[in-house]
file protein_4.tsv (TSV, C-alpha atoms and all ligand atoms)
chain	number	residue	atom	x	y	z
A	1	MET	CA	30.69	30.28	19.33
A	2	ILE	CA	30.77	28.60	15.91
A	3	ARG	CA	29.86	25.32	17.58
A	4	LYS	CA	26.82	26.94	19.21
A	5	ILE	CA	25.67	28.36	15.89
A	6	ILE	CA	26.02	24.97	14.21
A	7	ILE	CA	24.01	23.27	16.98
A	8	ALA	CA	21.33	25.97	16.70
A	9	LEU	CA	21.18	25.48	12.93
A	10	ILE	CA	20.84	21.70	13.25
A	11	ALA	CA	18.09	22.15	15.85
A	12	CYS	CA	16.26	24.62	13.57
A	13	SER	CA	16.42	22.33	10.54
A	14	ALA	CA	15.26	19.33	12.60
A	15	PHE	CA	12.33	21.42	13.84
A	16	ALA	CA	11.53	22.62	10.31
A	17	SER	CA	11.50	19.08	8.95
A	18	LEU	CA	9.27	17.99	11.84
A	19	ALA	CA	6.94	20.90	11.14
A	20	THR	CA	6.56	19.90	7.48
A	21	GLN	CA	5.79	16.30	8.30
A	22	TYR	CA	2.30	15.14	7.41
A	23	PRO	CA	0.13	13.28	9.94
A	24	ILE	CA	0.37	9.58	9.15
A	25	THR	CA	-3.11	8.23	8.59
A	26	ILE	CA	-4.59	4.94	7.41
A	27	ALA	CA	-8.07	3.57	6.76
A	28	ILE	CA	-9.07	0.08	5.63
A	29	HIS	CA	-12.24	-1.77	4.66
A	30	GLY	CA	-13.24	-5.41	4.52
A	31	GLY	CA	-16.31	-4.96	2.34
A	32	ALA	CA	-19.73	-3.33	2.52
A	33	GLY	CA	-23.13	-4.93	2.18
A	34	THR	CA	-26.02	-6.48	4.04
A	35	ILE	CA	-24.36	-7.20	7.34
A	36	ASP	CA	-27.21	-8.21	9.61
A	37	LYS	CA	-26.61	-7.15	13.21
A	38	ASN	CA	-29.07	-9.72	14.53
A	39	LYS	CA	-27.49	-12.58	12.63
A	40	MET	CA	-23.92	-11.76	13.57
A	41	THR	CA	-22.92	-13.29	16.90
A	42	ALA	CA	-20.82	-11.35	19.36
A	43	ALA	CA	-18.02	-13.89	18.83
A	44	MET	CA	-18.08	-13.27	15.05
A	45	GLN	CA	-17.97	-9.52	15.59
A	46	VAL	CA	-14.90	-9.94	17.79
A	47	LYS	CA	-13.22	-12.10	15.12
A	48	TYR	CA	-13.81	-9.55	12.36
A	49	LYS	CA	-12.85	-6.61	14.52
A	50	SER	CA	-9.61	-8.14	15.72
A	51	LYS	CA	-8.51	-8.96	12.14
A	52	LEU	CA	-9.37	-5.43	11.01
A	53	LYS	CA	-7.41	-4.01	13.93
A	54	GLU	CA	-4.44	-6.23	13.14
A	55	ALA	CA	-4.47	-5.00	9.52
A	56	VAL	CA	-4.80	-1.29	10.30
A	57	ASP	CA	-2.14	-1.49	13.02
A	58	LYS	CA	0.23	-3.29	10.68
A	59	GLY	CA	-0.10	-0.60	8.02
A	60	TYR	CA	0.24	2.15	10.62
A	61	ALA	CA	3.39	0.57	12.11
A	62	VAL	CA	5.02	0.53	8.66
A	63	MET	CA	4.57	4.30	8.34
A	64	GLU	CA	5.48	4.95	11.97
A	65	LYS	CA	8.87	3.39	11.24
A	66	GLY	CA	9.34	5.74	8.28
A	67	GLY	CA	7.80	3.54	5.59
A	68	THR	CA	5.72	4.90	2.72
A	69	SER	CA	1.96	4.87	2.26
A	70	GLN	CA	2.49	2.36	-0.57
A	71	GLN	CA	4.24	-0.07	1.78
A	72	ALA	CA	1.55	0.50	4.42
A	73	VAL	CA	-1.31	-0.20	2.01
A	74	ILE	CA	0.31	-3.44	0.83
A	75	ALA	CA	1.00	-4.60	4.40
A	76	ALA	CA	-2.55	-3.91	5.57
A	77	ILE	CA	-4.21	-5.52	2.54
A	78	GLN	CA	-2.07	-8.66	2.80
A	79	VAL	CA	-3.32	-9.28	6.35
A	80	LEU	CA	-6.88	-9.27	4.97
A	81	GLU	CA	-6.02	-11.29	1.86
A	82	ASP	CA	-4.55	-14.01	4.09
A	83	SER	CA	-7.65	-14.13	6.29
A	84	PRO	CA	-10.52	-16.42	5.22
A	85	LEU	CA	-12.97	-13.92	6.72
A	86	PHE	CA	-12.81	-11.60	3.71
A	87	ASN	CA	-13.55	-11.92	0.01
A	88	ALA	CA	-9.96	-11.44	-1.16
A	89	GLY	CA	-7.09	-13.91	-1.38
A	90	ARG	CA	-7.97	-16.89	0.84
A	91	GLY	CA	-11.71	-16.70	1.39
A	92	ALA	CA	-12.44	-15.28	-2.07
A	93	VAL	CA	-15.88	-16.01	-3.50
A	94	TYR	CA	-16.46	-18.64	-6.19
A	95	THR	CA	-17.26	-18.10	-9.85
A	96	PHE	CA	-20.30	-19.86	-11.35
A	97	GLU	CA	-17.94	-22.67	-12.46
A	98	GLY	CA	-16.64	-23.14	-8.91
A	99	GLU	CA	-13.26	-21.44	-9.24
A	100	HIS	CA	-11.72	-18.26	-7.88
A	101	GLU	CA	-10.74	-15.33	-10.11
A	102	LEU	CA	-9.10	-12.48	-8.28
A	103	ASP	CA	-8.77	-8.76	-9.06
A	104	ALA	CA	-6.60	-6.07	-7.42
A	105	SER	CA	-5.14	-2.63	-8.01
A	106	ILE	CA	-2.92	-0.01	-6.44
A	107	MET	CA	-2.30	3.67	-7.20
A	108	TYR	CA	0.37	6.03	-5.86
A	109	GLY	CA	-0.81	9.63	-5.52
A	110	LYS	CA	2.60	11.28	-5.86
A	111	THR	CA	3.31	10.03	-9.37
A	112	LEU	CA	-0.17	8.85	-10.47
A	113	ASN	CA	1.46	5.51	-11.24
A	114	ALA	CA	-0.90	2.58	-11.03
A	115	GLY	CA	-0.90	-1.19	-11.41
A	116	ALA	CA	-3.72	-3.71	-11.57
A	117	VAL	CA	-4.47	-7.38	-12.23
A	118	ALA	CA	-7.73	-9.02	-13.20
A	119	GLY	CA	-8.99	-12.59	-13.30
A	120	VAL	CA	-5.90	-14.22	-11.80
A	121	LYS	CA	-6.38	-17.73	-10.44
A	122	GLN	CA	-3.09	-18.69	-8.85
A	123	VAL	CA	-1.60	-15.57	-7.34
A	124	LYS	CA	-1.51	-15.82	-3.55
A	125	SER	CA	-1.42	-12.05	-3.04
A	126	PRO	CA	-3.05	-10.20	-5.96
A	127	ILE	CA	-2.18	-6.82	-4.41
A	128	ALA	CA	1.53	-7.78	-4.46
A	129	LEU	CA	1.22	-8.57	-8.17
A	130	ALA	CA	-0.61	-5.27	-8.81
A	131	GLU	CA	2.34	-3.50	-7.18
A	132	GLN	CA	4.75	-5.38	-9.46
A	133	VAL	CA	2.72	-4.29	-12.49
A	134	MET	CA	2.99	-0.68	-11.29
A	135	GLU	CA	6.70	-0.85	-10.51
A	136	ASN	CA	8.11	-3.24	-13.07
A	137	SER	CA	5.95	-3.27	-16.18
A	138	VAL	CA	5.14	-0.75	-18.88
A	139	HIS	CA	1.43	-1.50	-18.49
A	140	VAL	CA	-1.26	-0.62	-15.97
A	141	LEU	CA	-3.65	-3.59	-16.11
A	142	LEU	CA	-2.71	-7.22	-16.81
A	143	SER	CA	-5.27	-10.01	-16.95
A	144	GLY	CA	-5.61	-13.79	-16.76
A	145	GLN	CA	-2.81	-16.03	-18.00
A	146	GLY	CA	-0.61	-13.15	-19.08
A	147	ALA	CA	-0.74	-11.67	-15.59
A	148	GLU	CA	0.23	-15.06	-14.17
A	149	GLU	CA	3.13	-15.40	-16.58
A	150	PHE	CA	4.31	-11.96	-15.44
A	151	ALA	CA	3.89	-13.08	-11.80
A	152	LYS	CA	6.20	-16.07	-12.41
A	153	ARG	CA	8.84	-13.84	-13.94
A	154	GLN	CA	8.65	-11.45	-11.01
A	155	GLY	CA	9.01	-14.26	-8.48
A	156	ILE	CA	5.52	-13.69	-7.04
A	157	GLU	CA	4.20	-16.65	-5.02
A	158	LEU	CA	1.75	-18.87	-6.90
A	159	VAL	CA	-0.66	-21.35	-5.29
A	160	GLU	CA	-3.23	-23.89	-6.44
A	161	ASN	CA	-6.67	-22.36	-7.02
A	162	SER	CA	-7.98	-24.57	-4.18
A	163	TYR	CA	-5.82	-22.57	-1.74
A	164	PHE	CA	-8.56	-19.90	-1.83
A	165	ASP	CA	-11.36	-22.39	-0.95
A	166	THR	CA	-13.55	-21.93	2.12
A	167	LYS	CA	-16.68	-23.78	3.13
A	168	LYS	CA	-18.61	-20.58	3.82
A	169	ARG	CA	-18.05	-19.17	0.34
A	170	TYR	CA	-18.85	-22.51	-1.28
A	171	GLU	CA	-22.19	-22.58	0.51
A	172	SER	CA	-22.86	-19.05	-0.75
A	173	LEU	CA	-22.19	-20.24	-4.30
A	174	LEU	CA	-24.62	-23.12	-3.95
A	175	LYS	CA	-27.30	-20.78	-2.58
A	176	ALA	CA	-26.68	-18.25	-5.33
A	177	LYS	CA	-26.90	-20.90	-8.06
A	178	LYS	CA	-30.13	-22.22	-6.61
A	179	LYS	CA	-31.60	-18.72	-6.61
A	180	ILE	CA	-30.46	-18.07	-10.16
A	181	ALA	CA	-32.04	-21.34	-11.30
A	182	GLU	CA	-35.32	-20.45	-9.57
A	183	LYS	CA	-35.43	-17.00	-11.14
A	184	LEU	CA	-34.50	-18.39	-14.55
A	185	ALA	CA	-37.30	-20.92	-14.36
A	186	LYS	CA	-39.71	-18.02	-13.95
A	187	SER	CA	-38.35	-15.32	-16.23
A	188	LYS	CA	-35.78	-16.92	-18.57
A	189	SER	CA	-33.78	-13.70	-18.37
A	190	ILE	CA	-30.23	-14.24	-17.11
A	191	LYS	CA	-29.92	-10.51	-16.53
A	192	ALA	CA	-32.99	-10.38	-14.30
A	193	ALA	CA	-31.92	-13.52	-12.43
A	194	TYR	CA	-28.59	-11.95	-11.54
A	195	GLN	CA	-30.04	-8.54	-10.74
A	196	GLN	CA	-32.34	-10.08	-8.18
A	197	LEU	CA	-29.59	-12.00	-6.39
A	198	ASP	CA	-29.51	-11.07	-2.75
A	199	VAL	CA	-26.86	-8.40	-2.22
A	200	LYS	CA	-25.18	-10.45	0.48
A	201	TYR	CA	-23.75	-12.71	-2.23
A	202	LYS	CA	-21.88	-9.84	-3.76
A	203	TYR	CA	-19.63	-8.20	-1.20
A	204	GLY	CA	-16.51	-8.57	0.94
A	205	THR	CA	-13.69	-6.88	-0.94
A	206	VAL	CA	-10.77	-5.42	1.02
A	207	GLY	CA	-8.94	-2.13	0.59
A	208	ALA	CA	-6.66	0.41	2.22
A	209	VAL	CA	-5.81	4.09	1.81
A	210	ALA	CA	-2.94	5.88	3.53
A	211	LEU	CA	-1.08	9.16	3.95
A	212	ASP	CA	2.58	8.95	4.96
A	213	GLN	CA	4.78	11.50	6.75
A	214	TYR	CA	6.16	12.60	3.35
A	215	GLY	CA	2.69	13.75	2.29
A	216	ASP	CA	2.14	10.97	-0.25
A	217	LEU	CA	-1.16	9.15	-0.70
A	218	THR	CA	-1.76	5.56	-1.82
A	219	ALA	CA	-4.92	3.53	-2.41
A	220	GLY	CA	-5.24	-0.22	-2.97
A	221	THR	CA	-8.07	-2.75	-3.38
A	222	SER	CA	-8.19	-6.56	-3.63
A	223	THR	CA	-11.17	-8.85	-4.23
A	224	GLY	CA	-12.57	-12.19	-5.31
A	225	GLY	CA	-15.36	-10.23	-7.04
A	226	MET	CA	-18.94	-11.37	-7.02
A	227	THR	CA	-20.30	-14.83	-6.14
A	228	ALA	CA	-21.35	-16.84	-9.21
A	229	LYS	CA	-19.80	-14.34	-11.62
A	230	ARG	CA	-19.53	-15.60	-15.18
A	231	PHE	CA	-17.76	-15.25	-18.48
A	232	GLY	CA	-14.58	-13.64	-17.10
A	233	ARG	CA	-16.50	-10.87	-15.35
A	234	ILE	CA	-14.24	-8.10	-14.01
A	235	GLY	CA	-15.50	-5.74	-11.31
A	236	ASP	CA	-14.51	-2.24	-10.31
A	237	SER	CA	-11.67	-3.23	-7.97
A	238	PRO	CA	-8.93	-3.45	-10.64
A	239	ILE	CA	-10.29	-0.49	-12.61
A	240	ILE	CA	-8.30	2.64	-11.83
A	241	GLY	CA	-10.76	5.47	-11.21
A	242	ALA	CA	-13.64	3.12	-10.36
A	243	GLY	CA	-12.52	0.99	-7.39
A	244	THR	CA	-9.19	2.65	-6.64
A	245	TYR	CA	-7.76	6.13	-7.12
A	246	ALA	CA	-5.04	8.28	-5.52
A	247	ASN	CA	-3.80	11.74	-6.33
A	248	ASN	CA	-1.74	13.95	-4.00
A	249	ASP	CA	-3.76	16.93	-5.31
A	250	SER	CA	-6.95	15.56	-3.77
A	251	CYS	CA	-7.32	12.20	-2.04
A	252	ALA	CA	-6.94	8.42	-2.04
A	253	VAL	CA	-10.03	6.21	-2.34
A	254	SER	CA	-10.74	2.46	-2.21
A	255	ALA	CA	-14.25	1.22	-2.93
A	256	THR	CA	-16.42	-1.78	-2.17
A	257	GLY	CA	-19.87	-2.57	-3.42
A	258	HIS	CA	-21.78	-3.49	-6.54
A	259	GLY	CA	-18.89	-3.12	-8.95
A	260	GLU	CA	-20.91	-2.53	-12.10
A	261	TYR	CA	-22.22	0.74	-10.63
A	262	PHE	CA	-18.80	1.79	-9.38
A	263	ILE	CA	-17.40	1.34	-12.88
A	264	ARG	CA	-20.23	3.23	-14.57
A	265	TYR	CA	-20.11	6.10	-12.09
A	266	HIS	CA	-16.30	6.17	-11.92
A	267	VAL	CA	-16.71	6.45	-8.18
A	268	ALA	CA	-13.17	6.71	-6.77
A	269	ALA	CA	-11.96	9.26	-9.31
A	270	ASP	CA	-15.23	11.22	-9.11
A	271	ILE	CA	-14.74	11.78	-5.37
A	272	CYS	CA	-11.19	13.06	-5.92
A	273	ALA	CA	-12.27	15.24	-8.87
A	274	ARG	CA	-15.10	16.84	-6.87
A	275	MET	CA	-12.62	17.77	-4.13
A	276	GLN	CA	-10.14	19.18	-6.59
A	277	TYR	CA	-12.46	21.06	-8.94
A	278	GLN	CA	-15.25	22.10	-6.58
A	279	GLY	CA	-12.98	22.88	-3.63
A	280	ILE	CA	-15.23	20.92	-1.27
A	281	SER	CA	-14.15	18.78	1.68
A	282	LEU	CA	-13.33	15.07	1.40
A	283	GLN	CA	-16.36	14.21	3.53
A	284	ASP	CA	-18.74	16.26	1.35
A	285	ALA	CA	-17.35	14.83	-1.89
A	286	ALA	CA	-17.51	11.24	-0.61
A	287	ASP	CA	-20.98	11.66	0.89
A	288	THR	CA	-22.39	13.15	-2.31
A	289	VAL	CA	-21.14	10.32	-4.49
A	290	ILE	CA	-22.06	7.44	-2.16
A	291	ASN	CA	-25.27	8.74	-0.59
A	292	LYS	CA	-26.70	10.80	-3.43
A	293	VAL	CA	-25.34	9.83	-6.84
A	294	LEU	CA	-25.06	6.09	-6.19
A	295	VAL	CA	-28.25	5.80	-4.15
A	296	LYS	CA	-30.19	7.48	-6.95
A	297	ALA	CA	-28.65	5.06	-9.44
A	298	GLY	CA	-29.41	2.02	-7.25
A	299	GLY	CA	-25.77	1.13	-6.59
A	300	SER	CA	-25.00	-0.08	-3.09
A	301	GLY	CA	-21.65	-0.04	-1.31
A	302	GLY	CA	-19.17	2.34	0.25
A	303	ILE	CA	-15.68	3.76	0.17
A	304	ILE	CA	-12.81	4.68	2.45
A	305	ALA	CA	-10.81	7.81	1.69
A	306	VAL	CA	-8.05	9.97	3.10
A	307	ASP	CA	-6.72	13.38	2.06
A	308	ARG	CA	-3.38	15.13	2.52
A	309	GLN	CA	-4.46	16.75	5.77
A	310	GLY	CA	-5.17	13.34	7.25
A	311	ASN	CA	-8.96	13.69	7.07
A	312	ILE	CA	-10.76	10.38	6.73
A	313	ALA	CA	-14.17	9.69	5.16
A	314	MET	CA	-15.87	6.28	5.18
A	315	PRO	CA	-19.45	6.66	3.91
A	316	PHE	CA	-21.52	3.63	2.85
A	317	ASN	CA	-25.14	3.25	1.79
A	318	SER	CA	-25.53	-0.41	2.80
A	319	SER	CA	-26.37	-1.66	6.30
A	320	GLY	CA	-22.73	-2.19	7.21
A	321	MET	CA	-19.14	-1.91	6.13
A	322	TYR	CA	-16.22	-3.63	7.84
A	323	ARG	CA	-13.82	-0.77	8.45
A	324	ALA	CA	-11.01	0.57	10.61
A	325	SER	CA	-8.85	3.65	10.74
A	326	ARG	CA	-5.95	5.07	12.67
A	327	LYS	CA	-4.65	8.62	12.90
A	328	GLN	CA	-1.26	9.81	14.11
A	329	GLY	CA	-0.89	9.51	17.86
A	330	GLU	CA	-4.24	7.75	18.25
A	331	SER	CA	-5.24	4.15	18.54
A	332	ALA	CA	-7.26	2.21	15.97
A	333	VAL	CA	-11.00	2.72	15.60
A	334	VAL	CA	-12.84	-0.37	14.29
A	335	LYS	CA	-16.50	-0.50	13.22
A	336	ILE	CA	-18.92	-2.73	11.37
A	337	PHE	CA	-22.41	-1.21	11.48
A	338	LYS	CA	-23.85	2.28	11.03
A	339	GLU	CA	-23.30	4.42	14.13
B	401	LIG	N1	-16.69	-4.31	-5.81
B	401	LIG	C1	-16.45	-5.72	-5.88
B	401	LIG	C2	-16.82	-6.22	-7.25
B	401	LIG	O1	-17.81	-5.81	-7.78
B	401	LIG	C3	-17.23	-6.50	-4.89
B	401	LIG	C4	-17.10	-6.02	-3.48
B	401	LIG	O2	-16.80	-4.88	-3.20
B	401	LIG	O3	-17.30	-6.84	-2.59
B	401	LIG	O4	-16.11	-7.06	-7.78
call {"tool": "encode", "arguments": {"input": "protein_4.tsv", "output": "structure tokens", "more": "lines below"}}
Ligand code: ASP
result
Amino acid sequence: MIRKIIIALIACSAFASLATQYPITIAIHGGAGTIDKNKMTAAMQVKYKSKLKEAVDKGYAVMEKGGTSQQAVIAAIQVLEDSPLFNAGRGAVYTFEGEHELDASIMYGKTLNAGAVAGVKQVKSPIALAEQVMENSVHVLLSGQGAEEFAKRQGIELVENSYFDTKKRYESLLKAKKKIAEKLAKSKSIKAAYQQLDVKYKYGTVGAVALDQYGDLTAGTSTGGMTAKRFGRIGDSPIIGAGTYANNDSCAVSATGHGEYFIRYHVAADICARMQYQGISLQDAADTVINKVLVKAGGSGGIIAVDRQGNIAMPFNSSGMYRASRKQGESAVVKIFKE
């Protein structure tokens, strides 16, 4: 009799813990911008889609095996950082001087802990260093040489700056510089010359957001920034609240787009705050910020977001955004253009 009661109790508690599990969910992006359907061959689309699928599946598998959303976000982002297709890690865009300066950040929604790095030149995986800043430093954002010194101490892999080189991005730099020179010859205003740069020189950041079975949210973002950027320019990606934000009380967001606007409009945190204070859905909050507030301001780009119920929102106001998502018990959904 006692044995039966014990078995019944164990069964009940197993059921209760299953019932309180959250639906594991992950969404990723590989940048938003002018992605021209007519100029993108079917073979290129397949290449991008299969890398996005690999990344989202990798993050999902981590959580399926009991891992946390933090581990899933890192795993997914590292697949994209290692791929030359995206503007993060290998394949990062070039600065005006012909180098690579990388930015990344991560935020954990359970504790509101966050870590970020900006302007690093030798760190193979900037998102891994951002995680180290979050876990093992007393600071939130480290930059330049200091961040690299910290990386050495933490045993983070360093590479030559040329490791990030790709022909495609170098050609984009040459085109951008030519355009800047042409504009400067006409107007003499550096600001105007940069503002008129074709948007396609600006995008390609990667990011991931996830909800694990424990109900904890994480967001992470990694980027090479903007082609031909100058003077130590830092974008929104390593700025907590602008390019990345996560809070278990609302949602997790990773952004991509014209970083200056995302900083000024505090995009990621604004979406979470609207959900929390206005009691509106994730989709409504995300849509309002991307398709109303940012459009009115002239800022192009998009975000991916997930909430604690496993809802996903991925609005963008550009012609495309490389993106993928996967919900519990479902297979990955991968998209590039507006549908
Ligand atoms: N937001 C990034 C930046 O401004 C660029 C991007 O998303 O591609 O640095």
call {"tool": "closest_residue", "arguments": {"input": "protein_4.tsv", "among": "A:Val306, A:Met134, A:Leu184, A:Ala208", "to": "Gln78 of chain A", "atoms": "all atoms listed in the file"}}
result
A:Ala208
call {"tool": "closest_atom_pairs", "arguments": {"input": "protein_4.tsv", "of": "chain A", "to": "ligand LIG 401 (chain B)", "cutoff": "8 Å", "atoms": "all atoms listed in the file", "output": "CSV"}}
result
residue,atom,partner,partner_atom,distance
A:Gly31,CA,B:LIG401,O3,5.4
A:Ala32,CA,B:LIG401,O2,6.6
A:Gly33,CA,B:LIG401,O3,7.8
A:Asn87,CA,B:LIG401,O3,6.8
A:Asp103,CA,B:LIG401,O4,7.6
A:Lys202,CA,B:LIG401,O3,5.6
A:Tyr203,CA,B:LIG401,O3,3.0
A:Gly204,CA,B:LIG401,O3,4.0
A:Thr205,CA,B:LIG401,O3,4.0
A:Val206,CA,B:LIG401,O2,7.4
A:Thr223,CA,B:LIG401,O4,6.3
A:Gly224,CA,B:LIG401,O4,6.7
A:Gly225,CA,B:LIG401,O4,3.3
A:Met226,CA,B:LIG401,O4,5.2
A:Ile234,CA,B:LIG401,O4,6.6
A:Gly235,CA,B:LIG401,O4,3.8
A:Asp236,CA,B:LIG401,N1,5.4
A:Ser237,CA,B:LIG401,N1,5.6
A:Gly243,CA,B:LIG401,N1,6.9
A:Ala255,CA,B:LIG401,O2,6.6
A:Thr256,CA,B:LIG401,O2,3.3
A:Gly257,CA,B:LIG401,O2,3.8
A:His258,CA,B:LIG401,O1,4.8
A:Gly259,CA,B:LIG401,O1,3.1
A:Glu260,CA,B:LIG401,O1,6.2
A:Phe262,CA,B:LIG401,N1,7.4
A:Gly301,CA,B:LIG401,O2,7.1
call {"tool": "residues_around", "arguments": {"input": "protein_4.tsv", "residues": "Gly329 of chain A", "least_positions_apart": "5", "cutoff": "10 Å", "atoms": "all atoms listed in the file", "output": "list in words"}}
result
Pro23, Ile24, Thr25 and Glu64 of chain A
call {"tool": "residues_around", "arguments": {"input": "protein_4.tsv", "residues": "Val133 of chain A", "least_positions_apart": "3", "cutoff": "8 Å", "atoms": "all atoms listed in the file", "output": "list in words"}}
result
Ala114, Gly115, Ala116, Val117, Leu129, Ala130, Asn136, Ser137, Val138, His139, Val140, Leu141 and Leu142 of chain A
call {"tool": "write_last_selection", "arguments": {"input": "protein_4.tsv", "atoms": "C-alpha atoms", "output": "CSV table (one decimal), in the frame of the given file"}}
result
chain,number,residue,atom,x,y,z
A,114,ALA,CA,-0.9,2.6,-11.0
A,115,GLY,CA,-0.9,-1.2,-11.4
A,116,ALA,CA,-3.7,-3.7,-11.6
A,117,VAL,CA,-4.5,-7.4,-12.2
A,129,LEU,CA,1.2,-8.6,-8.2
A,130,ALA,CA,-0.6,-5.3,-8.8
A,136,ASN,CA,8.1,-3.2,-13.1
A,137,SER,CA,6.0,-3.3,-16.2
A,138,VAL,CA,5.1,-0.8,-18.9
A,139,HIS,CA,1.4,-1.5,-18.5
A,140,VAL,CA,-1.3,-0.6,-16.0
A,141,LEU,CA,-3.6,-3.6,-16.1
A,142,LEU,CA,-2.7,-7.2,-16.8
call {"tool": "atom_distance", "arguments": {"input": "protein_4.tsv", "atom1": "atom CA of Met275 of chain A", "atom2": "atom CA of Asn311 of chain A"}}
result
12.5 Å
call {"tool": "atom_distance", "arguments": {"input": "protein_4.tsv", "atom1": "atom CA of Pro126 of chain A", "atom2": "atom CA of Ala104 of chain A"}}
result
5.6 Å
call {"tool": "residues_around", "arguments": {"input": "protein_4.tsv", "residues": "segment 151-163 of chain A", "least_positions_apart": "6", "cutoff": "10 Å", "atoms": "all atoms listed in the file", "output": "MDAnalysis selection string"}}
result
chainID A and resid 89:92 98:101 120:126 128:130 132:133 136 145
call {"tool": "closest_residue", "arguments": {"input": "protein_4.tsv", "among": "A:Asn247, A:Ser105, A:Gln70, A:Ser254", "to": "Arg323 of chain A", "atoms": "all atoms listed in the file"}}
result
A:Ser254
call {"tool": "closest_residue", "arguments": {"input": "protein_4.tsv", "among": "A:Gln309, A:Val289, A:Gln328, A:Gln283", "to": "Tyr265 of chain A", "atoms": "all atoms listed in the file"}}
result
A:Val289
call {"tool": "closest_residue", "arguments": {"input": "protein_4.tsv", "among": "A:Thr34, A:Leu112, A:Val46, A:Leu80", "to": "Asn317 of chain A", "atoms": "only C-alpha atoms"}}
result
A:Thr34
call {"tool": "closest_residue", "arguments": {"input": "protein_4.tsv", "among": "A:Phe96, A:Lys186, A:Gln276, A:Tyr60", "to": "Glu330 of chain A", "atoms": "all atoms listed in the file"}}
result
A:Tyr60
call {"tool": "axis_aligned_box", "arguments": {"input": "protein_4.tsv", "around": "segment 327-338 of chain A", "padding_each_side": "3 Å", "output": "lines of an AutoDock Vina configuration file"}}
result
center_x = -12.4
center_y = 3.5
center_z = 14.8
size_x = 29.0
size_y = 18.5
size_z = 13.5
call {"tool": "closest_residue", "arguments": {"input": "protein_4.tsv", "among": "A:Leu294, A:Ala286, A:Ala88, A:Val209", "to": "Ile127 of chain A", "atoms": "all atoms listed in the file"}}
result
A:Ala88
call {"tool": "atom_distance", "arguments": {"input": "protein_4.tsv", "atom1": "atom CA of Ile28 of chain A", "atom2": "atom CA of Ala210 of chain A"}}
result
8.7 Å
